[in-house]
>>> print(open('work28.tsv').read())   # TSV, C-alpha atoms and all ligand atoms
chain	number	residue	atom	x	y	z
A	413	MET	CA	-230.03	-193.19	104.46
A	414	PRO	CA	-233.79	-192.47	104.34
A	415	GLU	CA	-235.18	-188.96	104.04
A	416	VAL	CA	-235.70	-187.24	107.37
A	417	ALA	CA	-238.60	-184.84	107.80
A	418	VAL	CA	-236.76	-182.42	110.03
A	419	THR	CA	-236.53	-178.73	109.30
A	420	SER	CA	-235.49	-175.92	111.60
A	421	THR	CA	-237.19	-177.00	114.85
A	422	PRO	CA	-238.19	-180.31	116.41
A	423	LEU	CA	-241.80	-179.07	116.30
A	424	SER	CA	-241.78	-180.03	112.65
A	425	PHE	CA	-240.85	-183.66	113.38
A	426	GLN	CA	-242.94	-186.16	111.53
A	427	TRP	CA	-242.89	-189.79	112.54
A	428	LEU	CA	-241.74	-191.81	109.51
A	429	ASP	CA	-241.78	-195.51	108.70
A	430	ALA	CA	-238.00	-195.19	108.59
A	431	PHE	CA	-238.07	-194.84	112.39
A	432	GLU	CA	-239.65	-198.27	112.85
A	433	MET	CA	-236.87	-200.40	114.26
A	434	GLY	CA	-238.36	-203.88	114.23
A	435	ASN	CA	-239.26	-203.99	117.93
A	436	ALA	CA	-242.54	-202.64	119.32
A	437	GLU	CA	-241.10	-201.62	122.68
A	438	ILE	CA	-238.24	-199.69	121.09
A	439	ASN	CA	-240.65	-198.02	118.66
A	440	ASP	CA	-242.83	-196.90	121.59
A	441	LEU	CA	-239.82	-195.52	123.44
A	442	HIS	CA	-238.65	-193.65	120.34
A	443	ARG	CA	-242.13	-192.16	119.91
A	444	THR	CA	-242.08	-191.06	123.56
A	445	LEU	CA	-238.74	-189.32	122.98
A	446	PHE	CA	-240.16	-187.51	119.98
A	447	GLU	CA	-243.13	-186.40	122.06
A	448	ASP	CA	-240.87	-185.27	124.93
A	449	CYS	CA	-238.88	-183.24	122.47
A	450	ARG	CA	-241.92	-181.68	120.90
A	451	GLU	CA	-243.29	-180.72	124.33
A	452	LEU	CA	-239.94	-179.29	125.38
A	453	VAL	CA	-239.74	-177.02	122.34
A	454	GLN	CA	-243.38	-176.05	122.83
A	455	LEU	CA	-242.54	-174.86	126.36
A	456	VAL	CA	-239.76	-172.70	124.90
A	457	GLU	CA	-242.13	-171.34	122.24
A	458	ASP	CA	-244.69	-170.56	124.96
A	459	ASN	CA	-242.06	-168.67	126.93
A	460	ALA	CA	-242.54	-170.96	129.93
A	461	ALA	CA	-240.63	-170.41	133.18
A	462	TRP	CA	-237.04	-171.60	132.86
A	463	PRO	CA	-237.20	-174.12	135.76
A	464	LEU	CA	-240.13	-175.80	134.01
A	465	ILE	CA	-238.12	-176.06	130.78
A	466	VAL	CA	-235.12	-177.48	132.64
A	467	ALA	CA	-237.37	-180.02	134.41
A	468	LYS	CA	-238.86	-181.11	131.09
A	469	ALA	CA	-235.38	-181.48	129.60
A	470	TRP	CA	-234.49	-183.61	132.62
A	471	PHE	CA	-237.44	-185.93	131.94
A	472	LEU	CA	-236.42	-186.17	128.30
A	473	VAL	CA	-232.88	-187.19	129.25
A	474	GLU	CA	-234.24	-189.75	131.74
A	475	ASP	CA	-236.53	-191.20	129.06
A	476	CYS	CA	-233.62	-191.35	126.64
A	477	VAL	CA	-231.36	-193.11	129.14
A	478	ARG	CA	-234.12	-195.60	129.99
A	479	HIS	CA	-234.60	-196.25	126.28
A	480	PHE	CA	-230.85	-196.94	125.97
A	481	ARG	CA	-231.17	-199.59	128.71
A	482	VAL	CA	-234.14	-201.32	127.06
A	483	GLU	CA	-232.45	-201.21	123.66
A	484	ALA	CA	-229.29	-202.75	125.12
A	485	ILE	CA	-231.33	-205.60	126.62
A	486	VAL	CA	-233.05	-206.27	123.27
A	487	LEU	CA	-229.78	-206.13	121.31
A	488	ASN	CA	-228.07	-208.40	123.78
A	489	ARG	CA	-230.94	-210.89	123.77
A	490	THR	CA	-230.98	-211.01	119.96
A	491	ARG	CA	-227.17	-211.24	119.83
A	492	PHE	CA	-226.62	-208.14	117.76
A	493	PRO	CA	-223.03	-208.51	116.46
A	494	ARG	CA	-222.11	-204.86	117.14
A	495	TYR	CA	-223.71	-204.77	120.59
A	496	ALA	CA	-220.60	-203.48	122.41
A	497	GLU	CA	-220.08	-200.66	119.92
A	498	HIS	CA	-223.72	-199.65	120.09
A	499	VAL	CA	-223.73	-199.55	123.89
A	500	ALA	CA	-220.52	-197.46	123.80
A	501	GLN	CA	-222.28	-195.00	121.48
A	502	HIS	CA	-225.16	-194.81	123.95
A	503	ARG	CA	-222.71	-193.93	126.71
A	504	LYS	CA	-221.21	-191.15	124.61
A	505	ILE	CA	-224.63	-189.67	123.85
A	506	GLU	CA	-225.63	-190.00	127.50
A	507	GLU	CA	-222.61	-187.83	128.34
A	508	GLU	CA	-223.58	-185.27	125.70
A	509	LEU	CA	-227.16	-185.14	126.97
A	510	GLY	CA	-225.91	-184.78	130.55
A	511	ALA	CA	-223.57	-181.94	129.54
A	512	LEU	CA	-226.40	-180.14	127.74
A	513	LEU	CA	-228.67	-180.57	130.75
A	514	ALA	CA	-225.96	-179.34	133.12
A	515	ARG	CA	-225.42	-176.29	130.90
A	516	MET	CA	-229.16	-175.55	131.01
A	517	ALA	CA	-229.23	-175.96	134.79
A	518	SER	CA	-226.30	-173.57	135.20
A	519	VAL	CA	-228.06	-170.61	133.53
A	520	ASP	CA	-231.26	-168.76	134.38
A	521	GLY	CA	-232.94	-168.68	130.98
A	522	SER	CA	-232.84	-164.89	130.82
A	523	GLN	CA	-230.78	-164.74	127.61
A	524	ALA	CA	-231.88	-165.75	124.12
A	525	GLU	CA	-228.86	-168.04	123.88
A	526	HIS	CA	-230.03	-169.95	126.98
A	527	ARG	CA	-233.35	-170.63	125.31
A	528	GLU	CA	-231.63	-172.01	122.24
A	529	LEU	CA	-230.12	-174.82	124.32
A	530	PRO	CA	-233.29	-176.97	124.53
A	531	ARG	CA	-233.47	-176.94	120.73
A	532	CYS	CA	-230.26	-178.97	120.61
A	533	PHE	CA	-232.05	-182.07	121.91
A	534	GLY	CA	-234.04	-182.62	118.70
A	535	PRO	CA	-231.12	-182.94	116.27
A	536	LEU	CA	-229.29	-185.07	118.84
A	537	LEU	CA	-232.19	-187.50	119.16
A	538	VAL	CA	-232.72	-187.75	115.42
A	539	ASP	CA	-229.04	-188.59	115.17
A	540	VAL	CA	-229.53	-191.30	117.82
A	541	MET	CA	-232.44	-192.85	115.96
A	542	LEU	CA	-231.33	-192.52	112.37
A	543	ARG	CA	-227.57	-192.57	112.27
A	544	LEU	CA	-226.96	-194.99	115.14
A	545	ASP	CA	-230.09	-197.13	115.51
A	546	LEU	CA	-230.41	-197.85	111.79
A	547	ASP	CA	-227.34	-200.02	112.30
A	548	TYR	CA	-229.46	-202.66	114.08
A	549	ARG	CA	-232.75	-202.17	112.21
A	550	SER	CA	-232.34	-204.94	109.64
A	551	HIS	CA	-230.94	-207.21	112.36
A	552	LEU	CA	-234.12	-206.85	114.44
A	553	LEU	CA	-236.45	-207.03	111.45
A	554	HIS	CA	-234.98	-210.45	110.69
A	555	LYS	CA	-235.15	-211.63	114.30
A	556	ASP	CA	-238.92	-211.21	114.66
A	557	GLY	CA	-240.25	-213.03	117.70
A	558	LEU	CA	-237.03	-213.20	119.70
B	601	FE	FE	-232.86	-195.89	120.12
B	602	FE	FE	-229.43	-197.04	120.17
>>> encode(input="work28.tsv", output="structure tokens")
Amino acid sequence: MPEVAVTSTPLSFQWLDAFEMGNAEINDLHRTLFEDCRELVQLVEDNAAWPLIVAKAWFLVEDCVRHFRVEAIVLNRTRFPRYAEHVAQHRKIEEELGALLARMASVDGSQAEHRELPRCFGPLLVDVMLRLDLDYRSHLLHKDGL
């Protein structure tokens, strides 16, 4: 497992070569998710209005779900042997993201604990990219051009 440059908040995310997954489109989508996450935490840091923070979290979840769809197409096209398992993991994370979003939408942001919720997205997304996606990295790196 490569070193991950993540400390206490997603604001400290650094894009690393370890995140390159062997497919330009997937790399772009992963970068977008990082940026979404950084912007979301910045809104919290700036004490932005809660509905704005919830809306940004919603966009992040939409971007993540769209990235799952693209990734599934690429893995299917390149005949990744553990395609079914990977797609099942995506579904599980989609549920977790949806639950986190629903929790955020059910509160008004007036409590400190509410404002901690958006910070959960960063560790979740790093988990998606490093623990789960690394499983297909070498597969894609050896299928260049497919
Ligand atoms: Fe991914
Ligand atoms: Fe994935």
>>> closest_atom_pairs(input="work28.tsv", of="chain A", to="ligand FE 601 (chain B)", cutoff="9 Å", atoms="all atoms listed in the file", output="Markdown table")
| residue | atom | partner | partner_atom | distance |
| --- | --- | --- | --- | --- |
| A:Met433 | CA | B:FE601 | FE | 8.4 |
| A:Ile438 | CA | B:FE601 | FE | 6.7 |
| A:Asn439 | CA | B:FE601 | FE | 8.2 |
| A:Leu441 | CA | B:FE601 | FE | 7.7 |
| A:His442 | CA | B:FE601 | FE | 6.2 |
| A:Cys476 | CA | B:FE601 | FE | 8.0 |
| A:His479 | CA | B:FE601 | FE | 6.4 |
| A:Phe480 | CA | B:FE601 | FE | 6.3 |
| A:Val482 | CA | B:FE601 | FE | 8.9 |
| A:Glu483 | CA | B:FE601 | FE | 6.4 |
| A:His502 | CA | B:FE601 | FE | 8.7 |
| A:Leu537 | CA | B:FE601 | FE | 8.5 |
| A:Val540 | CA | B:FE601 | FE | 6.1 |
| A:Met541 | CA | B:FE601 | FE | 5.2 |
| A:Leu542 | CA | B:FE601 | FE | 8.6 |
| A:Leu544 | CA | B:FE601 | FE | 7.8 |
| A:Asp545 | CA | B:FE601 | FE | 5.5 |
| A:Leu546 | CA | B:FE601 | FE | 8.9 |
>>> residues_around(input="work28.tsv", residues="A:Ala514", least_positions_apart="5", cutoff="12 Å", atoms="all atoms listed in the file", output="PyMOL selection string")
chain A and resi 466-467+469-470+473+507-509+519-520+526+529-530
>>> closest_residue(input="work28.tsv", among="A:Val456, A:Met516, A:Ala524, A:Ala484", to="ligand FE 602 (chain B)", atoms="all atoms listed in the file")
A:Ala484
>>> atom_distance(input="work28.tsv", atom1="atom CA of A:Asp448", atom2="atom CA of A:Gly534")
9.6 Å
>>> atom_distance(input="work28.tsv", atom1="atom CA of A:Phe492", atom2="atom CA of A:Leu428")
23.7 Å
>>> closest_residue(input="work28.tsv", among="A:Gln454, A:Ser518, A:Asn488, A:Gln523", to="ligand FE 602 (chain B)", atoms="all atoms listed in the file")
A:Asn488
>>> axis_aligned_box(input="work28.tsv", around="stretch 542-550 of chain A", padding_each_side="3 Å", output="AutoDock Vina command-line options")
--center_x -229.9 --center_y -198.7 --center_z 112.6 --size_x 11.8 --size_y 18.4 --size_z 11.9
>>> closest_residue(input="work28.tsv", among="A:Gln501, A:Asn459, A:Asn435, A:Thr490", to="ligand FE 602 (chain B)", atoms="all atoms listed in the file")
A:Gln501
>>> atom_distance(input="work28.tsv", atom1="atom CA of A:Gly434", atom2="atom CA of A:Arg489")
14.0 Å
>>> closest_residue(input="work28.tsv", among="A:Tyr495, A:Phe446, A:Trp462, A:Trp427", to="ligand FE 602 (chain B)", atoms="all atoms listed in the file")
A:Tyr495
>>> residues_around(input="work28.tsv", residues="A:Arg491", least_positions_apart="4", cutoff="10 Å", atoms="only C-alpha atoms", output="short mmCIF file (atom, residue, chain, number, x, y, z; two decimals) with C-alpha atoms, keeping the file's coordinate frame")
data_model
loop_
_atom_site.label_atom_id
_atom_site.label_comp_id
_atom_site.auth_asym_id
_atom_site.auth_seq_id
_atom_site.Cartn_x
_atom_site.Cartn_y
_atom_site.Cartn_z
CA ILE A 485 -231.33 -205.60 126.62
CA VAL A 486 -233.05 -206.27 123.27
CA LEU A 487 -229.78 -206.13 121.31
CA TYR A 495 -223.71 -204.77 120.59
CA HIS A 551 -230.94 -207.21 112.36
CA LEU A 552 -234.12 -206.85 114.44
CA LYS A 555 -235.15 -211.63 114.30
#
>>> closest_residue(input="work28.tsv", among="A:Ala517, A:Cys532, A:Leu553, A:Arg478", to="ligand FE 602 (chain B)", atoms="all atoms listed in the file")
A:Arg478
>>> closest_residue(input="work28.tsv", among="A:Ala430, A:Val477, A:Ile465, A:Ala500", to="A:Leu445", atoms="only C-alpha atoms")
A:Val477
